[in-house]
Amino acid sequence: MIRPVSLGKRGRIPAGGRPSPSQDRPENMTRADDSLPTRRLTVAYVAALSLIALLSGSVHLLLDHVIAQQRDSGTIINVAGRQRMLSQRIGLLARDFYEGHDEAARVPLLQAAATMERAHRALLGGTGDMGITHSLSDAARTLYFSPPADLDRRTRDLVLAARILAGAEGPRAEGPRTEAPGTEGPGGTADLRARAFADIRDQTRDVIMPMLDQAVRQFETEATERIEGLRRAQQGVLAILLTTLLAEAVFIFRPLVGRLKTYAGRLYDMATRDVLTGLPNRRHFLEMGEREVRRGREAGQPQALLMIDIDHFKAINDTLGHAAGDRVLSQFGRLLQGWLRAGEVAGRIGGEEFAVLLPDADTVDAAARAETLRRAVEAAPINGHATLAWTVSIGAARVSGGADGLADALRRADLALYAAKAAGRNRVHLSADS
C-alpha cells in the first residue's frame, strides 16, 4: 500500500477568503466566454432587427404613398369637376354678356376662360400646377386626344370662343372698332362674336358637359384602382412583416432566448460552483449557509458545522501528480454529494478543504454524521490508484445563536480540524466549546 509521507504545510486559504488558482481550478479549465458564440448570436439578433426595421420602413413608406395618392387623386378629381362648373359658368356669362348686353360679365367671362385653360393644362401636363403631379393615363389620353371625345380640342375651342366673345381674341383685340355697331360686314367682329356665342352655347349645352363628366368618372376610376393597388401592396408587406416576426420568434428569438438561458445557467454555475467537484464554491456556500443559519435561528433549531480536509493532499500531488490529486478531489465531491441528506449544505472552501452545514443537528449528531463520512472515504478506492490510501480529517463545531454564528462556527471548526490533524489525522474532533 502506498502511503505518501512527504507532508508539507496544509494548503490554506489566502487572505480575502479565495483559494489560489492552483488549488481551485484545474489547468485544463477553459474560460466561460471561450465557449459562448457571442458573435453568432449578435449577428443573428442584429440581422433580425434590421429585417424588422426594413419591413416596418417599407410599410411606413407605402402608407405614406397611399396617403399621397389619395391626396393627388382628390386634387385631380376636384380640378376635373371644376372644369364642368367652369364650362357652365362660361355658358351663363356668355349669355349674359351677349344676349343680355351685360358689360360687367366681360371680366368674369375672361377669368373663367383663363381658369379653365390653366386647369386643362394642369390635367394634361402633370407638372405640379394646381397640385397635380400625375400625367394622363393611356385611357385618359385617348379621351382627351382621340375621337369621338377629343376633349382637348373641345376645351381649347371653348376657351377660344369665350375670349373672342369677350373681345380678347379676334379683330376687336387688334385695335379700336372702325365700324358702327350693327354695320359690320360678313366676317367682321359681330359675325365672329355671333359664331363664338353659338359655339359656346352648343358646347356647354350638348357636347362638352358629357365629355367632362366622362373625364371625371375616368379619373375617379383610375384613382380607385391606384389606391386599391397600393393598399393591396401594403397588406402584402404587412403580411410579410407579420410572417417574418413569427418566423424570427420561432427560429431566432426562441433559440436565442433558450441559448441565453442555457449560457446564463452555465455562467451562474461557473460563478457559484466548483468545476472539479461540482460543489458550491466558498462564496456560494457562505451565502447559502447564512440563509440556513438565519432560518435555523428563527426556528430555534440546533445547527452544527463540519470542516473537512483531505489528509496528505500535497503529498498526493507531489508523489503521484496533479492528475491524481484532481481525481481525489473529484471523487470526494461525488462521495460528499451522495452522503448529504436533504437540507444539508456543503461547499469547497479551499484547495482541499470542504465545509458542511448540518441543520437541526447537535454536536452528538454532528460527530456521528462526520464519522460515517470519514469511514466512507477511508473505504473508497481511487480510480486508477486502487492501492492509494487517502483519508480525511474532520473538525466539528456547534453553530452559536449570535449574529456571526456561521463565521464563528467556521473558525472553531477549523481549530477542531487542526486538532484532528495534530492527533494523527483520519479522525473526527469536536470543538472544545461544543
# chains A, B, ... in the order shown; residues from 1 in each chain; ligands from 1
call {"tool": "closest_atom_pairs", "arguments": {"of": "stretch 208-229 of chain A", "to": "stretch 146-159 of chain A", "cutoff": "12 Å", "atoms": "only C-alpha atoms", "output": "tab-separated table"}}
result
residue	atom	partner	partner_atom	distance
A:Ile208	CA	A:Arg154	CA	6.8
A:Met209	CA	A:Leu151	CA	10.1
A:Pro210	CA	A:Ala149	CA	9.3
A:Met211	CA	A:Ala149	CA	6.4
A:Leu212	CA	A:Leu151	CA	7.7
A:Asp213	CA	A:Leu151	CA	11.0
A:Gln214	CA	A:Ala149	CA	9.3
A:Ala215	CA	A:Leu151	CA	8.7
call {"tool": "write_last_selection", "arguments": {"atoms": "N, CA and C atoms", "output": "PDB file, in the first residue's frame"}}
result
ATOM      1  N   ILE A 208     -69.670  69.399 -74.557  1.00  0.00           N
ATOM      2  CA  ILE A 208     -68.532  69.311 -73.643  1.00  0.00           C
ATOM      3  C   ILE A 208     -68.913  68.811 -72.255  1.00  0.00           C
ATOM      4  N   MET A 209     -70.131  69.088 -71.824  1.00  0.00           N
ATOM      5  CA  MET A 209     -70.535  68.654 -70.487  1.00  0.00           C
ATOM      6  C   MET A 209     -70.495  67.125 -70.328  1.00  0.00           C
ATOM      7  N   PRO A 210     -71.069  66.336 -71.241  1.00  0.00           N
ATOM      8  CA  PRO A 210     -70.954  64.873 -71.110  1.00  0.00           C
ATOM      9  C   PRO A 210     -69.504  64.385 -71.167  1.00  0.00           C
ATOM     10  N   MET A 211     -68.684  65.079 -71.997  1.00  0.00           N
ATOM     11  CA  MET A 211     -67.282  64.688 -72.088  1.00  0.00           C
ATOM     12  C   MET A 211     -66.549  64.935 -70.767  1.00  0.00           C
ATOM     13  N   LEU A 212     -66.829  66.083 -70.150  1.00  0.00           N
ATOM     14  CA  LEU A 212     -66.200  66.393 -68.859  1.00  0.00           C
ATOM     15  C   LEU A 212     -66.685  65.436 -67.776  1.00  0.00           C
ATOM     16  N   ASP A 213     -67.969  65.066 -67.822  1.00  0.00           N
ATOM     17  CA  ASP A 213     -68.466  64.059 -66.876  1.00  0.00           C
ATOM     18  C   ASP A 213     -67.735  62.738 -67.058  1.00  0.00           C
ATOM     19  N   GLN A 214     -67.500  62.362 -68.308  1.00  0.00           N
ATOM     20  CA  GLN A 214     -66.770  61.129 -68.588  1.00  0.00           C
ATOM     21  C   GLN A 214     -65.335  61.210 -68.070  1.00  0.00           C
ATOM     22  N   ALA A 215     -64.711  62.389 -68.210  1.00  0.00           N
ATOM     23  CA  ALA A 215     -63.339  62.563 -67.706  1.00  0.00           C
ATOM     24  C   ALA A 215     -63.298  62.425 -66.190  1.00  0.00           C
TER      25      ALA A 215
END
call {"tool": "select_by_dssp", "arguments": {"residues": "stretch 173-412 of chain A", "states": "strand (DSSP E)", "output": "NGL selection string"}}
result
:A and (303-310 or 345-348 or 353-359 or 392-398)
call {"tool": "residues_around", "arguments": {"residues": "stretch 296-306 of chain A", "least_positions_apart": "3", "cutoff": "9 Å", "atoms": "only C-alpha atoms", "output": "PyMOL selection string"}}
result
chain A and resi 291-293+354-363+365-367+370+394-402+406+409-410+413-414+417
call {"tool": "residues_around", "arguments": {"residues": "A:Arg201", "least_positions_apart": "6", "cutoff": "10 Å", "atoms": "only C-alpha atoms", "output": "MDAnalysis selection string"}}
result
chainID A and resid 88 90:92 94:95 158 195 207
call {"tool": "write_last_selection", "arguments": {"atoms": "N, CA and C atoms", "output": "compact mmCIF listing (two decimals), in the first residue's frame"}}
result
# COMPACT_ATOMS: atom_id res chain seq x y z
N GLN A 88 -70.04 75.47 -67.35
CA GLN A 88 -71.38 76.01 -67.11
C GLN A 88 -71.32 77.52 -66.87
N ILE A 90 -69.06 79.62 -67.93
CA ILE A 90 -68.76 80.30 -69.20
C ILE A 90 -70.03 80.44 -70.03
N GLY A 91 -70.86 79.37 -70.05
CA GLY A 91 -72.11 79.45 -70.81
C GLY A 91 -73.04 80.51 -70.26
N LEU A 92 -73.18 80.58 -68.93
CA LEU A 92 -74.08 81.58 -68.33
C LEU A 92 -73.55 82.99 -68.54
N ALA A 94 -71.53 84.03 -70.89
CA ALA A 94 -71.61 84.36 -72.32
C ALA A 94 -73.02 84.82 -72.69
N ARG A 95 -74.03 84.15 -72.14
CA ARG A 95 -75.40 84.57 -72.43
C ARG A 95 -75.69 85.95 -71.84
N LEU A 158 -63.59 75.94 -76.66
CA LEU A 158 -64.49 76.67 -75.76
C LEU A 158 -63.79 77.89 -75.16
N ARG A 195 -70.78 83.78 -83.96
CA ARG A 195 -70.36 82.39 -84.08
C ARG A 195 -69.74 81.87 -82.78
N VAL A 207 -72.39 69.17 -75.81
CA VAL A 207 -71.18 68.45 -76.19
C VAL A 207 -70.20 68.29 -75.04
call {"tool": "residues_around", "arguments": {"residues": "A:Asp129", "least_positions_apart": "5", "cutoff": "9 Å", "atoms": "only C-alpha atoms", "output": "list in words"}}
result
Arg118, Ala119, Arg121, Ala122 and Leu123 of chain A
call {"tool": "write_last_selection", "arguments": {"atoms": "C-alpha atoms", "output": "short mmCIF file (atom, residue, chain, number, x, y, z; two decimals), in the first residue's frame"}}
result
data_model
loop_
_atom_site.label_atom_id
_atom_site.label_comp_id
_atom_site.auth_asym_id
_atom_site.auth_seq_id
_atom_site.Cartn_x
_atom_site.Cartn_y
_atom_site.Cartn_z
CA ARG A 118 -54.98 76.64 -66.71
CA ALA A 119 -56.80 73.66 -65.15
CA ARG A 121 -53.11 72.34 -68.97
CA ALA A 122 -52.50 71.12 -65.42
CA LEU A 123 -54.59 68.00 -66.04
#
call {"tool": "atom_distance", "arguments": {"atom1": "atom CA of A:Leu256", "atom2": "atom CA of A:Ser58"}}
result
26.1 Å
call {"tool": "residues_around", "arguments": {"residues": "A:Leu55", "least_positions_apart": "6", "cutoff": "9 Å", "atoms": "only C-alpha atoms", "output": "PyMOL selection string"}}
result
chain A and resi 237-238+240-241+244
call {"tool": "write_last_selection", "arguments": {"atoms": "N, CA and C atoms", "output": "PDB file, in the first residue's frame"}}
result
ATOM      1  N   VAL A 237     -47.102  43.625 -47.759  1.00  0.00           N
ATOM      2  CA  VAL A 237     -45.905  43.897 -46.962  1.00  0.00           C
ATOM      3  C   VAL A 237     -46.185  43.656 -45.481  1.00  0.00           C
ATOM      4  N   LEU A 238     -47.389  44.046 -45.036  1.00  0.00           N
ATOM      5  CA  LEU A 238     -47.747  43.815 -43.634  1.00  0.00           C
ATOM      6  C   LEU A 238     -47.802  42.323 -43.326  1.00  0.00           C
ATOM      7  N   ILE A 240     -46.099  40.033 -44.894  1.00  0.00           N
ATOM      8  CA  ILE A 240     -44.703  39.582 -44.872  1.00  0.00           C
ATOM      9  C   ILE A 240     -44.051  39.951 -43.541  1.00  0.00           C
ATOM     10  N   LEU A 241     -44.344  41.166 -43.057  1.00  0.00           N
ATOM     11  CA  LEU A 241     -43.778  41.605 -41.782  1.00  0.00           C
ATOM     12  C   LEU A 241     -44.228  40.704 -40.642  1.00  0.00           C
ATOM     13  N   THR A 244     -42.631  37.376 -40.992  1.00  0.00           N
ATOM     14  CA  THR A 244     -41.220  37.471 -40.609  1.00  0.00           C
ATOM     15  C   THR A 244     -41.069  37.523 -39.096  1.00  0.00           C
TER      16      THR A 244
END
call {"tool": "atom_distance", "arguments": {"atom1": "atom CA of A:His101", "atom2": "atom CA of A:Ala113"}}
result
18.7 Å
call {"tool": "closest_residue", "arguments": {"among": "A:Ala389, A:Ala239, A:Val345, A:Ala368", "to": "A:Met288", "atoms": "only C-alpha atoms"}}
result
A:Val345
